[in-house]
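Quick look at coords-v1.pdb (PDB, C-alpha atoms and all ligand atoms):
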```
ATOM      1  CA  MET A 376      -2.165 -20.916 -31.136  1.00  0.00           C
ATOM      2  CA  LYS A 377      -3.806 -17.547 -31.475  1.00  0.00           C
ATOM      3  CA  LEU A 378      -2.753 -14.720 -29.164  1.00  0.00           C
ATOM      4  CA  THR A 379      -4.983 -11.664 -28.760  1.00  0.00           C
ATOM      5  CA  VAL A 380      -3.739  -8.641 -26.844  1.00  0.00           C
ATOM      6  CA  VAL A 381      -6.693  -7.684 -24.625  1.00  0.00           C
ATOM      7  CA  GLY A 382      -4.758  -5.064 -22.683  1.00  0.00           C
ATOM      8  CA  CYS A 383      -1.083  -4.133 -22.602  1.00  0.00           C
ATOM      9  CA  SER A 384      -0.733  -0.899 -20.642  1.00  0.00           C
ATOM     10  CA  GLY A 385       1.846  -1.075 -17.863  1.00  0.00           C
ATOM     11  CA  SER A 386       0.997  -0.331 -14.221  1.00  0.00           C
ATOM     12  CA  PHE A 387      -2.168   1.681 -14.970  1.00  0.00           C
ATOM     13  CA  PRO A 388      -4.592   1.855 -17.897  1.00  0.00           C
ATOM     14  CA  SER A 389      -4.057   4.315 -20.731  1.00  0.00           C
ATOM     15  CA  VAL A 390      -6.653   6.039 -22.889  1.00  0.00           C
ATOM     16  CA  GLU A 391      -6.043   3.377 -25.513  1.00  0.00           C
ATOM     17  CA  SER A 392      -5.511   0.226 -23.445  1.00  0.00           C
ATOM     18  CA  ALA A 393      -6.483  -1.742 -20.376  1.00  0.00           C
ATOM     19  CA  CYS A 394      -3.774  -3.221 -18.188  1.00  0.00           C
ATOM     20  CA  SER A 395      -2.158  -6.619 -18.773  1.00  0.00           C
ATOM     21  CA  SER A 396      -4.396  -9.291 -20.252  1.00  0.00           C
ATOM     22  CA  TYR A 397      -3.779 -11.700 -23.125  1.00  0.00           C
ATOM     23  CA  LEU A 398      -6.135 -14.277 -24.602  1.00  0.00           C
ATOM     24  CA  VAL A 399      -4.545 -17.466 -25.953  1.00  0.00           C
ATOM     25  CA  GLU A 400      -6.692 -19.877 -27.948  1.00  0.00           C
ATOM     26  CA  ALA A 401      -5.973 -23.330 -29.361  1.00  0.00           C
ATOM     27  CA  ASP A 402      -8.281 -26.195 -30.367  1.00  0.00           C
ATOM     28  CA  GLY A 403     -11.250 -24.182 -29.082  1.00  0.00           C
ATOM     29  CA  PHE A 404      -9.711 -23.796 -25.605  1.00  0.00           C
ATOM     30  CA  ARG A 405      -9.468 -20.236 -24.261  1.00  0.00           C
ATOM     31  CA  LEU A 406      -6.824 -19.367 -21.693  1.00  0.00           C
ATOM     32  CA  LEU A 407      -6.538 -15.830 -20.327  1.00  0.00           C
ATOM     33  CA  LEU A 408      -3.134 -14.656 -19.098  1.00  0.00           C
ATOM     34  CA  ASP A 409      -3.690 -11.959 -16.432  1.00  0.00           C
ATOM     35  CA  MET A 410      -6.776  -9.779 -15.907  1.00  0.00           C
ATOM     36  CA  GLY A 411      -5.581  -6.272 -14.997  1.00  0.00           C
ATOM     37  CA  ASN A 412      -7.552  -3.030 -14.659  1.00  0.00           C
ATOM     38  CA  GLY A 413     -10.091  -2.657 -17.450  1.00  0.00           C
ATOM     39  CA  ALA A 414      -9.401  -6.067 -18.999  1.00  0.00           C
ATOM     40  CA  LEU A 415     -12.859  -7.514 -18.380  1.00  0.00           C
ATOM     41  CA  GLY A 416     -14.488  -4.869 -20.560  1.00  0.00           C
ATOM     42  CA  GLU A 417     -12.024  -5.305 -23.412  1.00  0.00           C
ATOM     43  CA  LEU A 418     -12.194  -9.090 -23.160  1.00  0.00           C
ATOM     44  CA  GLN A 419     -15.823  -8.978 -24.259  1.00  0.00           C
ATOM     45  CA  ARG A 420     -14.716  -7.706 -27.689  1.00  0.00           C
ATOM     46  CA  HIS A 421     -12.949 -11.033 -28.215  1.00  0.00           C
ATOM     47  CA  CYS A 422     -14.665 -13.665 -26.073  1.00  0.00           C
ATOM     48  CA  GLY A 423     -18.021 -14.242 -24.369  1.00  0.00           C
ATOM     49  CA  LEU A 424     -18.086 -13.699 -20.608  1.00  0.00           C
ATOM     50  CA  TYR A 425     -18.640 -17.389 -19.998  1.00  0.00           C
ATOM     51  CA  ASP A 426     -16.381 -18.725 -22.752  1.00  0.00           C
ATOM     52  CA  LEU A 427     -13.066 -18.764 -20.879  1.00  0.00           C
ATOM     53  CA  ASP A 428     -11.704 -22.204 -19.979  1.00  0.00           C
ATOM     54  CA  ALA A 429      -8.877 -21.197 -17.618  1.00  0.00           C
ATOM     55  CA  ILE A 430      -7.105 -18.139 -16.206  1.00  0.00           C
ATOM     56  CA  PHE A 431      -3.425 -17.710 -15.317  1.00  0.00           C
ATOM     57  CA  LEU A 432      -2.351 -14.843 -13.049  1.00  0.00           C
ATOM     58  CA  SER A 433       1.364 -14.117 -13.311  1.00  0.00           C
ATOM     59  CA  HIS A 434       1.369 -12.305  -9.969  1.00  0.00           C
ATOM     60  CA  LEU A 435      -0.901 -10.422  -7.608  1.00  0.00           C
ATOM     61  CA  HIS A 436      -0.131  -6.797  -8.388  1.00  0.00           C
ATOM     62  CA  ALA A 437      -3.421  -5.053  -9.155  1.00  0.00           C
ATOM     63  CA  ASP A 438      -2.542  -4.278 -12.776  1.00  0.00           C
ATOM     64  CA  HIS A 439      -2.462  -8.043 -13.435  1.00  0.00           C
ATOM     65  CA  CYS A 440      -5.335  -9.409 -11.366  1.00  0.00           C
ATOM     66  CA  ILE A 441      -7.787  -6.809 -10.077  1.00  0.00           C
ATOM     67  CA  ASP A 442     -10.535  -7.333 -12.663  1.00  0.00           C
ATOM     68  CA  MET A 443     -10.923 -10.835 -11.216  1.00  0.00           C
ATOM     69  CA  CYS A 444     -13.096  -9.107  -8.576  1.00  0.00           C
ATOM     70  CA  ALA A 445     -15.470  -7.922 -11.290  1.00  0.00           C
ATOM     71  CA  TYR A 446     -15.311 -11.330 -12.961  1.00  0.00           C
ATOM     72  CA  PHE A 447     -16.349 -12.892  -9.633  1.00  0.00           C
ATOM     73  CA  VAL A 448     -19.609 -10.904  -9.894  1.00  0.00           C
ATOM     74  CA  VAL A 449     -20.131 -12.162 -13.445  1.00  0.00           C
ATOM     75  CA  ARG A 450     -19.798 -15.788 -12.403  1.00  0.00           C
ATOM     76  CA  TYR A 451     -21.327 -15.698  -8.905  1.00  0.00           C
ATOM     77  CA  TYR A 452     -24.390 -13.529  -9.599  1.00  0.00           C
ATOM     78  CA  ARG A 453     -25.354 -14.712 -13.051  1.00  0.00           C
ATOM     79  CA  HIS A 454     -27.999 -12.742 -14.882  1.00  0.00           C
ATOM     80  CA  ASP A 455     -30.258 -15.836 -15.067  1.00  0.00           C
ATOM     81  CA  GLY A 456     -29.998 -16.402 -11.308  1.00  0.00           C
ATOM     82  CA  GLY A 457     -27.673 -19.388 -11.613  1.00  0.00           C
ATOM     83  CA  ARG A 458     -24.053 -19.672 -10.590  1.00  0.00           C
ATOM     84  CA  CYS A 459     -21.180 -20.727 -12.845  1.00  0.00           C
ATOM     85  CA  ASP A 460     -19.190 -23.864 -12.248  1.00  0.00           C
ATOM     86  CA  PRO A 461     -15.654 -23.190 -11.003  1.00  0.00           C
ATOM     87  CA  ILE A 462     -13.167 -22.271 -13.714  1.00  0.00           C
ATOM     88  CA  PRO A 463      -9.492 -23.189 -13.150  1.00  0.00           C
ATOM     89  CA  VAL A 464      -7.471 -20.185 -11.922  1.00  0.00           C
ATOM     90  CA  TYR A 465      -3.701 -20.568 -11.654  1.00  0.00           C
ATOM     91  CA  GLY A 466      -1.931 -18.024  -9.479  1.00  0.00           C
ATOM     92  CA  PRO A 467       0.758 -17.610  -6.812  1.00  0.00           C
ATOM     93  CA  GLU A 468       0.276 -18.717  -3.219  1.00  0.00           C
ATOM     94  CA  GLY A 469      -2.433 -16.604  -1.597  1.00  0.00           C
ATOM     95  CA  THR A 470      -4.398 -15.762  -4.749  1.00  0.00           C
ATOM     96  CA  GLU A 471      -7.804 -16.633  -3.257  1.00  0.00           C
ATOM     97  CA  HIS A 472      -7.117 -14.579  -0.111  1.00  0.00           C
ATOM     98  CA  ARG A 473      -5.820 -11.628  -2.132  1.00  0.00           C
ATOM     99  CA  LEU A 474      -8.886 -11.517  -4.372  1.00  0.00           C
ATOM    100  CA  THR A 475     -11.312 -12.088  -1.488  1.00  0.00           C
ATOM    101  CA  THR A 476      -9.730  -9.242   0.478  1.00  0.00           C
ATOM    102  CA  ALA A 477      -9.772  -6.922  -2.532  1.00  0.00           C
ATOM    103  CA  TYR A 478     -13.476  -7.673  -3.113  1.00  0.00           C
ATOM    104  CA  ALA A 479     -14.089  -6.896   0.591  1.00  0.00           C
ATOM    105  CA  ASP A 480     -17.530  -8.432   1.154  1.00  0.00           C
ATOM    106  CA  THR A 481     -17.934 -11.798  -0.501  1.00  0.00           C
ATOM    107  CA  PRO A 482     -20.901 -13.666   1.011  1.00  0.00           C
ATOM    108  CA  SER A 483     -18.493 -16.023   2.801  1.00  0.00           C
ATOM    109  CA  PRO A 484     -14.697 -16.319   3.052  1.00  0.00           C
ATOM    110  CA  SER A 485     -14.860 -19.223   0.576  1.00  0.00           C
ATOM    111  CA  SER A 486     -17.246 -17.675  -1.969  1.00  0.00           C
ATOM    112  CA  MET A 487     -14.499 -17.107  -4.538  1.00  0.00           C
ATOM    113  CA  SER A 488     -13.784 -20.829  -4.607  1.00  0.00           C
ATOM    114  CA  GLU A 489     -17.402 -21.534  -5.569  1.00  0.00           C
ATOM    115  CA  VAL A 490     -16.747 -20.062  -9.016  1.00  0.00           C
ATOM    116  CA  PHE A 491     -12.927 -20.229  -9.238  1.00  0.00           C
ATOM    117  CA  ASP A 492     -10.977 -23.477  -8.870  1.00  0.00           C
ATOM    118  CA  PHE A 493      -7.685 -22.116  -7.491  1.00  0.00           C
ATOM    119  CA  HIS A 494      -4.386 -23.841  -8.283  1.00  0.00           C
ATOM    120  CA  THR A 495      -1.128 -22.635  -6.729  1.00  0.00           C
ATOM    121  CA  VAL A 496       1.598 -21.960  -9.293  1.00  0.00           C
ATOM    122  CA  LYS A 497       5.156 -23.104  -8.642  1.00  0.00           C
ATOM    123  CA  PRO A 498       8.020 -23.505 -11.121  1.00  0.00           C
ATOM    124  CA  SER A 499       6.744 -26.561 -12.977  1.00  0.00           C
ATOM    125  CA  THR A 500       5.525 -28.222 -16.150  1.00  0.00           C
ATOM    126  CA  PHE A 501       1.936 -29.380 -16.553  1.00  0.00           C
ATOM    127  CA  GLU A 502      -0.798 -29.887 -19.118  1.00  0.00           C
ATOM    128  CA  LEU A 503      -3.672 -27.440 -19.363  1.00  0.00           C
ATOM    129  CA  GLY A 504      -6.262 -28.146 -22.048  1.00  0.00           C
ATOM    130  CA  PRO A 505      -4.319 -28.473 -25.332  1.00  0.00           C
ATOM    131  CA  PHE A 506      -1.225 -26.695 -23.936  1.00  0.00           C
ATOM    132  CA  VAL A 507       1.925 -27.909 -22.281  1.00  0.00           C
ATOM    133  CA  VAL A 508       2.680 -25.209 -19.719  1.00  0.00           C
ATOM    134  CA  HIS A 509       6.051 -24.334 -18.208  1.00  0.00           C
ATOM    135  CA  THR A 510       6.277 -21.788 -15.394  1.00  0.00           C
ATOM    136  CA  GLU A 511       9.340 -20.142 -13.872  1.00  0.00           C
ATOM    137  CA  ARG A 512       9.791 -17.715 -10.983  1.00  0.00           C
ATOM    138  CA  VAL A 513      11.071 -14.341 -12.183  1.00  0.00           C
ATOM    139  CA  ALA A 514      12.605 -11.268 -10.530  1.00  0.00           C
ATOM    140  CA  HIS A 515       9.917  -9.012  -9.045  1.00  0.00           C
ATOM    141  CA  PRO A 516       9.166  -7.672  -5.529  1.00  0.00           C
ATOM    142  CA  VAL A 517       6.299 -10.156  -5.113  1.00  0.00           C
ATOM    143  CA  GLU A 518       6.146 -13.833  -6.115  1.00  0.00           C
ATOM    144  CA  ALA A 519       5.842 -13.623  -9.898  1.00  0.00           C
ATOM    145  CA  TYR A 520       5.905 -16.128 -12.736  1.00  0.00           C
ATOM    146  CA  ALA A 521       6.678 -16.176 -16.419  1.00  0.00           C
ATOM    147  CA  ILE A 522       4.844 -18.757 -18.505  1.00  0.00           C
ATOM    148  CA  ARG A 523       5.663 -20.691 -21.660  1.00  0.00           C
ATOM    149  CA  LEU A 524       2.843 -22.331 -23.613  1.00  0.00           C
ATOM    150  CA  GLU A 525       3.549 -25.039 -26.169  1.00  0.00           C
ATOM    151  CA  HIS A 526       1.085 -26.347 -28.721  1.00  0.00           C
ATOM    152  CA  GLY A 527       1.479 -28.014 -32.122  1.00  0.00           C
ATOM    153  CA  GLY A 528       5.258 -27.634 -32.107  1.00  0.00           C
ATOM    154  CA  LYS A 529       5.094 -23.876 -31.462  1.00  0.00           C
ATOM    155  CA  SER A 530       5.606 -21.835 -28.321  1.00  0.00           C
ATOM    156  CA  LEU A 531       4.623 -18.545 -26.740  1.00  0.00           C
ATOM    157  CA  THR A 532       6.501 -17.159 -23.743  1.00  0.00           C
ATOM    158  CA  TYR A 533       5.086 -14.361 -21.572  1.00  0.00           C
ATOM    159  CA  SER A 534       7.403 -12.671 -19.102  1.00  0.00           C
ATOM    160  CA  GLY A 535       4.821 -11.307 -16.668  1.00  0.00           C
ATOM    161  CA  ASP A 536       6.600  -8.568 -14.689  1.00  0.00           C
ATOM    162  CA  THR A 537      10.311  -9.068 -14.096  1.00  0.00           C
ATOM    163  CA  GLY A 538      13.746  -7.536 -13.834  1.00  0.00           C
ATOM    164  CA  VAL A 539      16.685  -9.201 -15.576  1.00  0.00           C
ATOM    165  CA  SER A 540      16.199 -12.931 -15.050  1.00  0.00           C
ATOM    166  CA  PRO A 541      18.303 -15.913 -16.188  1.00  0.00           C
ATOM    167  CA  ALA A 542      15.230 -18.096 -15.554  1.00  0.00           C
ATOM    168  CA  LEU A 543      13.277 -16.021 -18.082  1.00  0.00           C
ATOM    169  CA  ASP A 544      16.053 -16.338 -20.685  1.00  0.00           C
ATOM    170  CA  GLU A 545      15.958 -20.104 -20.261  1.00  0.00           C
ATOM    171  CA  LEU A 546      12.163 -20.320 -20.365  1.00  0.00           C
ATOM    172  CA  ALA A 547      12.070 -18.303 -23.600  1.00  0.00           C
ATOM    173  CA  HIS A 548      14.762 -20.407 -25.298  1.00  0.00           C
ATOM    174  CA  ASP A 549      13.974 -20.717 -29.049  1.00  0.00           C
ATOM    175  CA  THR A 550      10.418 -19.525 -28.416  1.00  0.00           C
ATOM    176  CA  ASP A 551       8.373 -18.539 -31.461  1.00  0.00           C
ATOM    177  CA  LEU A 552       6.870 -15.427 -29.865  1.00  0.00           C
ATOM    178  CA  PHE A 553       8.321 -13.725 -26.802  1.00  0.00           C
ATOM    179  CA  LEU A 554       5.818 -11.380 -25.190  1.00  0.00           C
ATOM    180  CA  CYS A 555       8.149  -9.482 -22.905  1.00  0.00           C
ATOM    181  CA  GLU A 556       7.623  -6.544 -20.611  1.00  0.00           C
ATOM    182  CA  ALA A 557       9.644  -3.374 -21.195  1.00  0.00           C
ATOM    183  CA  ALA A 558       8.248  -1.059 -18.548  1.00  0.00           C
ATOM    184  CA  PHE A 559      11.347   1.014 -17.956  1.00  0.00           C
ATOM    185  CA  THR A 560      13.452   3.189 -20.237  1.00  0.00           C
ATOM    186  CA  ALA A 561      17.221   2.681 -20.320  1.00  0.00           C
ATOM    187  CA  GLY A 562      19.006   5.550 -18.606  1.00  0.00           C
ATOM    188  CA  LYS A 563      15.814   6.812 -17.000  1.00  0.00           C
ATOM    189  CA  GLU A 564      14.620   4.250 -14.459  1.00  0.00           C
ATOM    190  CA  ASN A 565      16.965   1.731 -12.880  1.00  0.00           C
ATOM    191  CA  ILE A 566      15.495  -0.302 -10.022  1.00  0.00           C
ATOM    192  CA  PRO A 567      16.850  -3.869  -9.924  1.00  0.00           C
ATOM    193  CA  ASP A 568      14.450  -6.831  -9.879  1.00  0.00           C
ATOM    194  CA  LEU A 569      11.385  -4.772 -10.751  1.00  0.00           C
ATOM    195  CA  HIS A 570      11.067  -4.252 -14.526  1.00  0.00           C
ATOM    196  CA  LEU A 571      13.047  -4.572 -17.737  1.00  0.00           C
ATOM    197  CA  ASN A 572      13.813  -1.647 -20.004  1.00  0.00           C
ATOM    198  CA  GLY A 573      13.666  -1.901 -23.799  1.00  0.00           C
ATOM    199  CA  ARG A 574      17.340  -2.740 -24.114  1.00  0.00           C
ATOM    200  CA  GLU A 575      17.154  -5.429 -21.433  1.00  0.00           C
ATOM    201  CA  ALA A 576      14.086  -6.985 -23.078  1.00  0.00           C
ATOM    202  CA  GLY A 577      15.996  -7.079 -26.361  1.00  0.00           C
ATOM    203  CA  GLU A 578      19.043  -8.588 -24.666  1.00  0.00           C
ATOM    204  CA  SER A 579      16.883 -11.265 -23.056  1.00  0.00           C
ATOM    205  CA  ALA A 580      15.331 -12.104 -26.451  1.00  0.00           C
ATOM    206  CA  ALA A 581      18.812 -12.306 -27.993  1.00  0.00           C
ATOM    207  CA  ARG A 582      20.155 -14.596 -25.253  1.00  0.00           C
ATOM    208  CA  ALA A 583      17.052 -16.784 -25.578  1.00  0.00           C
ATOM    209  CA  ARG A 584      17.289 -16.830 -29.392  1.00  0.00           C
ATOM    210  CA  ALA A 585      13.597 -15.980 -29.477  1.00  0.00           C
ATOM    211  CA  ARG A 586      12.207 -15.803 -33.030  1.00  0.00           C
ATOM    212  CA  ARG A 587      10.012 -12.757 -32.504  1.00  0.00           C
ATOM    213  CA  LEU A 588       9.772 -10.143 -29.751  1.00  0.00           C
ATOM    214  CA  VAL A 589       6.645  -8.213 -28.774  1.00  0.00           C
ATOM    215  CA  LEU A 590       7.213  -5.516 -26.143  1.00  0.00           C
ATOM    216  CA  THR A 591       4.449  -4.939 -23.623  1.00  0.00           C
ATOM    217  CA  HIS A 592       3.597  -3.404 -20.210  1.00  0.00           C
ATOM    218  CA  ILE A 593       4.760   0.057 -21.239  1.00  0.00           C
ATOM    219  CA  ALA A 594       3.228   2.705 -18.976  1.00  0.00           C
ATOM    220  CA  PRO A 595       1.340   5.703 -20.423  1.00  0.00           C
ATOM    221  CA  TRP A 596       4.077   8.072 -19.146  1.00  0.00           C
ATOM    222  CA  THR A 597       6.773   6.222 -21.141  1.00  0.00           C
ATOM    223  CA  ASP A 598       7.643   6.843 -24.804  1.00  0.00           C
ATOM    224  CA  PRO A 599       7.252   3.390 -26.403  1.00  0.00           C
ATOM    225  CA  GLN A 600       9.275   4.347 -29.480  1.00  0.00           C
ATOM    226  CA  VAL A 601      12.387   4.810 -27.312  1.00  0.00           C
ATOM    227  CA  ASN A 602      11.969   1.343 -25.808  1.00  0.00           C
ATOM    228  CA  LEU A 603      11.326  -0.132 -29.259  1.00  0.00           C
ATOM    229  CA  ALA A 604      14.501   1.435 -30.673  1.00  0.00           C
ATOM    230  CA  ASP A 605      16.524   0.283 -27.653  1.00  0.00           C
ATOM    231  CA  ALA A 606      15.335  -3.325 -28.132  1.00  0.00           C
ATOM    232  CA  ARG A 607      16.046  -3.250 -31.877  1.00  0.00           C
ATOM    233  CA  ALA A 608      19.590  -2.058 -31.202  1.00  0.00           C
ATOM    234  CA  VAL A 609      20.501  -5.280 -29.378  1.00  0.00           C
ATOM    235  CA  TYR A 610      18.224  -7.927 -30.961  1.00  0.00           C
ATOM    236  CA  ASP A 611      18.331  -8.937 -34.636  1.00  0.00           C
ATOM    237  CA  GLY A 612      14.875 -10.518 -34.909  1.00  0.00           C
ATOM    238  CA  PRO A 613      11.558  -8.803 -35.543  1.00  0.00           C
ATOM    239  CA  VAL A 614      10.425  -6.515 -32.703  1.00  0.00           C
ATOM    240  CA  GLU A 615       7.148  -4.681 -32.308  1.00  0.00           C
ATOM    241  CA  LEU A 616       4.988  -3.028 -29.680  1.00  0.00           C
ATOM    242  CA  ALA A 617       1.928  -4.809 -28.317  1.00  0.00           C
ATOM    243  CA  ALA A 618      -1.343  -3.017 -29.035  1.00  0.00           C
ATOM    244  CA  PRO A 619      -4.878  -3.767 -27.843  1.00  0.00           C
ATOM    245  CA  GLY A 620      -6.896  -5.959 -30.197  1.00  0.00           C
ATOM    246  CA  VAL A 621      -3.896  -7.147 -32.212  1.00  0.00           C
ATOM    247  CA  THR A 622      -3.747 -10.891 -32.837  1.00  0.00           C
ATOM    248  CA  TYR A 623      -0.864 -13.210 -33.616  1.00  0.00           C
ATOM    249  CA  VAL A 624      -1.155 -16.713 -35.026  1.00  0.00           C
ATOM    250  CA  ILE A 625       1.727 -18.774 -33.718  1.00  0.00           C
TER
HETATM  251 ZN    ZN A 701       2.604  -4.832 -13.842  1.00  0.00          ZN
HETATM  252 ZN    ZN A 702       4.081  -6.246 -10.966  1.00  0.00          ZN
END
```

Mind turning this structure into structure tokens?
Ligand SMILES: [Zn+2]
Ligand SMILES: [Zn+2]
Amino acid sequence: MKLTVVGCSGSFPSVESACSSYLVEADGFRLLLDMGNGALGELQRHCGLYDLDAIFLSHLHADHCIDMCAYFVVRYYRHDGGRCDPIPVYGPEGTEHRLTTAYADTPSPSSMSEVFDFHTVKPSTFELGPFVVHTERVAHPVEAYAIRLEHGGKSLTYSGDTGVSPALDELAHDTDLFLCEAAFTAGKENIPDLHLNGREAGESAARARARRLVLTHIAPWTDPQVNLADARAVYDGPVELAAPGVTYVI
């Protein structure tokens, strides 16, 4: 598996990074995890516009899904006058309605489904291309999922957005790379069931016995070095900060 960080800024884009979006490739299959603000532009550095095979949306907050409206244009109004076949899109209940409403004037209420094949995510296990996928509901104000991808005996677990979550700890058990949000800073923000801070992300990685921790979804107004130090204080494995364009071979 190859993971490319397309965008990793939390809640709103930074000068350096788009919002949440991660490209995962294996056996020539390209799966995009989330498509937040600015992700569609950055994605084109790593992948052709029509080269994605599936999209997973962890939840329907704008910083994880809003560039799907721009991607609708790409697929529905193709430059050559054609229209793309539907690509599988996995998201929570109501994803099609949410995106259609955000777009505001699709030609018909079902236009999105002409280019996106929507699948409703629930806590489950299923096969997607070369991956075995596990999804779990996590702690966030809207229906939100973490995802674990397995391929060739290795695994990648992405938290999406979550507060402290036993389901996330279990999903990330023994995972090779744990891509975990650390939006808050310990001692600064403390809103339950919204986001993790650096220490809590480290504690989750330690409980899960994850082999490597990559912190993501850190907002531009947060000092990432504080969150990094807080995670390192409670987790013995390697920890680093996600950065746009960085790749990991898992
Ligand atoms: Zn978010
Ligand atoms: Zn969110």

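Closest to A:Ser579 among A:Ser530, A:Thr597, A:Asn565, A:Thr550 is A:Thr550, based on all atoms listed in the file.
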
Seminar exercise, completed: Residue with the minimum atom-to-atom distance to A:Arg473, picked from A:Cys459, A:His494, A:His454, A:Ile441 with all atoms listed in the file counted, is A:Ile441

For this session: In the coordinate frame of the file, compute which residues have an atom within 6 Å of (-4.8, -5.6, -21.4) when using all atoms listed in the file, and state them as a PyMOL selection string.
Result: chain A and resi 381-383+393-396+414

Dump C-alpha atoms for the selected residues as a PDB file, keeping the file's coordinate frame?
```
ATOM      1  CA  VAL A 381      -6.693  -7.684 -24.625  1.00  0.00           C
ATOM      2  CA  GLY A 382      -4.758  -5.064 -22.683  1.00  0.00           C
ATOM      3  CA  CYS A 383      -1.083  -4.133 -22.602  1.00  0.00           C
ATOM      4  CA  ALA A 393      -6.483  -1.742 -20.376  1.00  0.00           C
ATOM      5  CA  CYS A 394      -3.774  -3.221 -18.188  1.00  0.00           C
ATOM      6  CA  SER A 395      -2.158  -6.619 -18.773  1.00  0.00           C
ATOM      7  CA  SER A 396      -4.396  -9.291 -20.252  1.00  0.00           C
ATOM      8  CA  ALA A 414      -9.401  -6.067 -18.999  1.00  0.00           C
TER       9      ALA A 414
END
```

Exercise. Using only C-alpha atoms, can you list as a count of residues only the residues within 12 Å of (-17.3, -24.3, -10.9)?
Worked result: 22

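Rounded to one decimal, atom CA of A:Val507 and atom CA of A:Leu552 lie 15.4 Å from each other.
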
Hey, what's within 12 Å of A:Gly528 if we count only C-alpha atoms and toss same-chain stuff fewer than 5 positions away? As a short mmCIF file (atom, residue, chain, number, x, y, z; two decimals) with C-alpha atoms, keeping the file's coordinate frame, please?
```cif
data_model
loop_
_atom_site.label_atom_id
_atom_site.label_comp_id
_atom_site.auth_asym_id
_atom_site.auth_seq_id
_atom_site.Cartn_x
_atom_site.Cartn_y
_atom_site.Cartn_z
CA MET A 376 -2.16 -20.92 -31.14
CA PRO A 505 -4.32 -28.47 -25.33
CA PHE A 506 -1.23 -26.70 -23.94
CA VAL A 507 1.92 -27.91 -22.28
CA ASP A 549 13.97 -20.72 -29.05
CA THR A 550 10.42 -19.52 -28.42
CA ASP A 551 8.37 -18.54 -31.46
CA ILE A 625 1.73 -18.77 -33.72
#
```

Find the nearest atom pair between each residue of chain A and ligand ZN 702 (chain A) for residues within 8 Å, count only C-alpha atoms and all ligand atoms, give distances in Å to one decimal, sort rows by chain and ascending number, and present the table as a Markdown table.
```
| residue | atom | partner | partner_atom | distance |
| --- | --- | --- | --- | --- |
| A:Ser386 | CA | A:ZN702 | ZN | 7.4 |
| A:His434 | CA | A:ZN702 | ZN | 6.7 |
| A:Leu435 | CA | A:ZN702 | ZN | 7.3 |
| A:His436 | CA | A:ZN702 | ZN | 5.0 |
| A:Ala437 | CA | A:ZN702 | ZN | 7.8 |
| A:Asp438 | CA | A:ZN702 | ZN | 7.1 |
| A:His439 | CA | A:ZN702 | ZN | 7.2 |
| A:His515 | CA | A:ZN702 | ZN | 6.7 |
| A:Pro516 | CA | A:ZN702 | ZN | 7.6 |
| A:Val517 | CA | A:ZN702 | ZN | 7.4 |
| A:Ala519 | CA | A:ZN702 | ZN | 7.7 |
| A:Gly535 | CA | A:ZN702 | ZN | 7.7 |
| A:Asp536 | CA | A:ZN702 | ZN | 5.1 |
| A:Thr537 | CA | A:ZN702 | ZN | 7.5 |
| A:Leu569 | CA | A:ZN702 | ZN | 7.5 |
```

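For the atom pair formed by atom CA of A:Val380 and atom CA of A:Gly620, the distance is 5.3 Å, given to one decimal.
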
Problem set entry | Expansion of the PyMOL selection byres (((chain A and resi 391) around 10) and not hetatm) into residues, as a VMD selection string | chain A and resid 382 to 384 388 to 390 392 to 393 595 618 to 619

Exercise. Residues at most 8 Å from A:Leu408, counting only C-alpha atoms, excluding those fewer than 5 positions away in the same chain, as a VMD selection string?
Worked result: chain A and resid 396 to 399 430 to 433

Exercise. Contacts of A:Gly466 at 6 Å or less, counting only C-alpha atoms, minus same-chain residues fewer than 4 places along, as JSON, numbers by chain?
Worked result: {"A": [432, 470, 495, 496]}

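Across A:Val513, A:Val449, A:Leu474, A:Met443, the tightest approach to A:Asp409 is made by A:Met443 when counting only C-alpha atoms.
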
For this session: Can you turn the PyMOL selection byres (((chain A and resi 582) around 12) and not hetatm) into a concrete residue list for this file, as a PyMOL selection string?
Result: chain A and resi 539-550+553+575-581+583-586+609-612

Seminar exercise, completed: Pairwise distance, atom CA of A:Ala617 with atom CA of A:Leu603, equals 10.5 Å
